[in-house]
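Heads up, the thing below is written out as structure tokens.
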Amino acid sequence: MTTQMLRNSARDAEADARHLIFPLVPREDIEANGPSILMSGSGMRVTDQHGTTMLDMMSATTRAGSLGYGNREIAQAMYDQAITMHYSGAGRNTNAAAARLAAKLTEITPGRLNRVTFTSGGSEATETALKIAKQYLQQSGRKPRAFKVISRWSAYHGATMGALSCTDWLAVRDVPDPRVPGHSFVANPMRYRNSYGLDEESYSDVCVAHLERQILLEDPELVAAFIGEPFQQANGVQIPMPSYWKKVRALCDKYGIMLIMDEVITGFGRTGTWFATEQLGIEPDILNMAKSMGAGYAPIGAVMTRDEIADGISHFRHVHTYAGHAICCAASLKVIEIMERERLVETSDVLGQQWQRAMKDAFGNHPIVGDIRGRGFWQAIDFTADKASRAAFTDDTVVAIARRARELGVIVGPIGTAIEIAPALIATREDLAECTRAMAQAIADVARHRDLAGN
Ligand code: PMP
């Protein structure tokens with residue numbers, strides 16, 4: 001594309017964008033600052049409508065663009081599939097790409113998860129998982145009346161009504177619609193900072209005890225499922241205490257509750273293993289995935305379970321028109337092929353560890369940096385106004401640091417008290433080093449400008 005063409009189409013795009021409804025931002029923000037329109041991308045870099053090229057450390061904002069921009073192999077696979085057979089399927093009908101992908105997924109997922117149903121994204125995956133859990137308990141006769149679902153504070157499981165009902169994130173939750181009945185929330189494990197000032201292990205026990213109390217309060221016969229993310233995104237990559245998930249698994253077994261693991265963000269190598277569940281030492285009953293499954297090229301998600309549960313459902317009462325769409329499945333198969341061929345899961349693990357150490361060396365001692373944590377290519381820097389008490393900033397300091405990093409040419413994601421960094425798995429050592437340098441400078445600049453501790 002010539003520079004002149006880019007300029008013309010950028011002007012057109014800005015005019016056209018006035019017709020969009022922008023999610024997650026107040027309207028005044030768009031009116032004051034205008035939209036950011038990404039015009040083109042190549043590898044790790046993206047160019048906006050002003051012609052500014054940036055290092056994208058957020059995998060296309062969504063954390064889904066796990067193989068970077070402009071991947072011709074994926075585009076070709078989608079093209080080839082489109083002109084051969086685009087069909088998705090329902091009832092007895094399916095397509096060969098969906099069948100191949102289902103078989104392939106059973107190889108790369110942990111434990112005995114070997115039955116698959118597809119969706120177009122993460123929220124649909126949550127809805128589908130909840131329906132599998134309830135229909136299994138009902139149709140197998142194990143718990144015919146169970147409909148309740150327990151999830152955790154700060155959870156994100158999606159924006160559609162069932163998924164929203166187990167989501168605790170004000171940006172999407174603070175709406176007037178009533179929630180689906182029977183959903184409740186329990187404490188979520190956090191290591192660096194919790195609301196009660198408890199040490200890690202005591203707080204982990206509180207979270208587990210809270211879950212058991214809630215199960216009893218709701219009546220175990222009525223509780224169908226517990227859903228959680230292996231590592232929560234809220235306030236930046238929360239790695240739970242080592243015993244937490246094993247104790248949750250034991251409680252679910254004790255009360256016959258389906259354990260749904262939401263790996264929509266963490267799946268497909270993001271945390272240094274194909275799925276984060278592998279790092280927890282437990283097996284979920286149902287596992288959800290989306291995002292990096294199509295590397296941002298195709299909207300696709302999946303819900304997996306094991307034979308006993310799939311076969312316990314004699315008639316699955318559920319359908320989505322585009323579930324198992326052949327073009328999306330072809331894209332996902334190519335994504336998996338590339339990840340295996342390039343050994344990108346190992347890269348995420350090895351480079352992720354080195355990168356975390358490099359960040360700790362570069363700015364871990366800065367007075368406003370409280371914690372640097374994460375796994376693989378999912379890292380977070382949690383900020384504090386006071387290192388001793390670990391108090392969070394109550395103003396917009398964290399957002400200002402992310403904004404400064406963007407001015408310096410690196411896209412990162414502020415999330416509550418932290419900045420989240422989730423690069424594509426193709427990021428090189430040099431890309432990670434560039435990000436570390438930009439973050440060091442952004443932190444120093446904002447701290448100096450705002451006269452924060454130590455400056
Ligand atoms: N679950 C988790 C853990 C997520 O991070 C997300 C998306 N941020 C969703 C579900 C919902 O996915 P989608 O936006 O594709 O509907």
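Going by the structure tokens order, chains are called A, B, ..., each with residues numbered from 1, while ligands are numbered from 1 in the order shown.
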
| task | as a ChimeraX atom specification, list the residues of range 221-259 of chain A assigned to strand (DSSP E) by DSSP on the backbone atoms of this structure. | result | /A:223-228,258-259

Dump C-alpha atoms for the selected residues as a PDB file, in the first residue's frame?
ATOM      1  CA  VAL A 223     -25.372 -26.613  42.429  1.00  0.00           C
ATOM      2  CA  ALA A 224     -24.447 -27.765  38.919  1.00  0.00           C
ATOM      3  CA  ALA A 225     -21.098 -26.111  38.255  1.00  0.00           C
ATOM      4  CA  PHE A 226     -18.149 -24.137  39.517  1.00  0.00           C
ATOM      5  CA  ILE A 227     -16.408 -22.105  36.810  1.00  0.00           C
ATOM      6  CA  GLY A 228     -13.025 -20.400  37.086  1.00  0.00           C
ATOM      7  CA  MET A 258     -18.938 -30.022  37.486  1.00  0.00           C
ATOM      8  CA  LEU A 259     -15.616 -28.142  37.440  1.00  0.00           C
TER       9      LEU A 259
END

Counting only C-alpha atoms and all ligand atoms, what are the residues of chain A within 6 Å of ligand 1, and for each of them which pair of atoms is the nearest and at what distance in Å, to one decimal? Sort the table by chain and rising number, as JSON lines.
{"residue": "A:Gly121", "atom": "CA", "partner": "ligand 1", "partner_atom_place_in_ligand_line": "15 (O)", "distance": 3.9}
{"residue": "A:Gly122", "atom": "CA", "partner": "ligand 1", "partner_atom_place_in_ligand_line": "12 (O)", "distance": 3.1}
{"residue": "A:Ser123", "atom": "CA", "partner": "ligand 1", "partner_atom_place_in_ligand_line": "16 (O)", "distance": 3.5}
{"residue": "A:Tyr156", "atom": "CA", "partner": "ligand 1", "partner_atom_place_in_ligand_line": "2 (C)", "distance": 5.3}
{"residue": "A:His157", "atom": "CA", "partner": "ligand 1", "partner_atom_place_in_ligand_line": "1 (N)", "distance": 3.7}
{"residue": "A:Gly158", "atom": "CA", "partner": "ligand 1", "partner_atom_place_in_ligand_line": "11 (C)", "distance": 3.8}
{"residue": "A:Glu229", "atom": "CA", "partner": "ligand 1", "partner_atom_place_in_ligand_line": "3 (C)", "distance": 5.8}
{"residue": "A:Asp262", "atom": "CA", "partner": "ligand 1", "partner_atom_place_in_ligand_line": "3 (C)", "distance": 5.5}
{"residue": "A:Glu263", "atom": "CA", "partner": "ligand 1", "partner_atom_place_in_ligand_line": "3 (C)", "distance": 6.0}
{"residue": "A:Val264", "atom": "CA", "partner": "ligand 1", "partner_atom_place_in_ligand_line": "2 (C)", "distance": 4.7}
{"residue": "A:Ile265", "atom": "CA", "partner": "ligand 1", "partner_atom_place_in_ligand_line": "5 (O)", "distance": 4.7}

| Closest to Val345 in chain A among A:Val398, A:Ala171, A:Ala358, A:Leu67, using only C-alpha atoms? | A:Leu67

| said: Quick check, in Å to one decimal: how far apart do CA of Arg142 in chain A and CA of Asn288 in chain A lie? | reply: 22.7 Å

| field | Members of range 217-419 of chain A assigned helix (DSSP H, G or I) by DSSP, as a PyMOL selection string | value | chain A and resi 217-218+220-222+244-255+276-279+291-294+307-312+326-341+344-363+397-407

| Arg213 in chain A environment, 12 Å, only C-alpha atoms, sequence neighbours closer than 4 positions dropped, as JSON, numbers by chain | {"A": [150, 184, 185, 186, 187, 206, 207, 208, 209, 217, 218, 219, 220, 251, 255]}

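Closest approach to Ile309 in chain A from the set A:Ala440, A:Val25, A:Met85, A:Val116 is made by A:Val116, with distances taken over only C-alpha atoms.
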
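Checking A:Leu130, A:Ile300, A:Met289, A:Cys329 one by one against Cys166 in chain A, counting only C-alpha atoms, you find the shortest gap at A:Leu130.
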
| request: Identify, on the basis of only C-alpha atoms, every residue whose closest approach to range 372-385 of chain A does not exceed 9 Å; exclude the query and any residue fewer than 6 positions from it along the same chain; express the result as a PyMOL selection string. | output: chain A and resi 192+231+235-239+266+269-273+345-353+355-356+359-360+364+391-394+397-398+416-425+427+452-453

| request: Name all residues at most 10 Å from Gly34 in chain A (count only C-alpha atoms; drop same-chain ones fewer than 6 positions away) and give them as a list in words. | output: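 Everything that qualifies: Glu14, Ala17, Arg18, Arg27 and Glu28 of chain A.
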
| task | Rank A:Thr106, A:Gln441, A:Asn365, A:Asn95 by their smallest atom-to-atom distance to Val410 in chain A, using only C-alpha atoms, and report the top residue only. | result | A:Gln441

| query | Rounded to one decimal in Å, what is the spacing between CA of Lys143 in chain A and CA of Thr160 in chain A? | reply |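 Interatomic distance, CA of Lys143 in chain A to CA of Thr160 in chain A: 25.7 Å.
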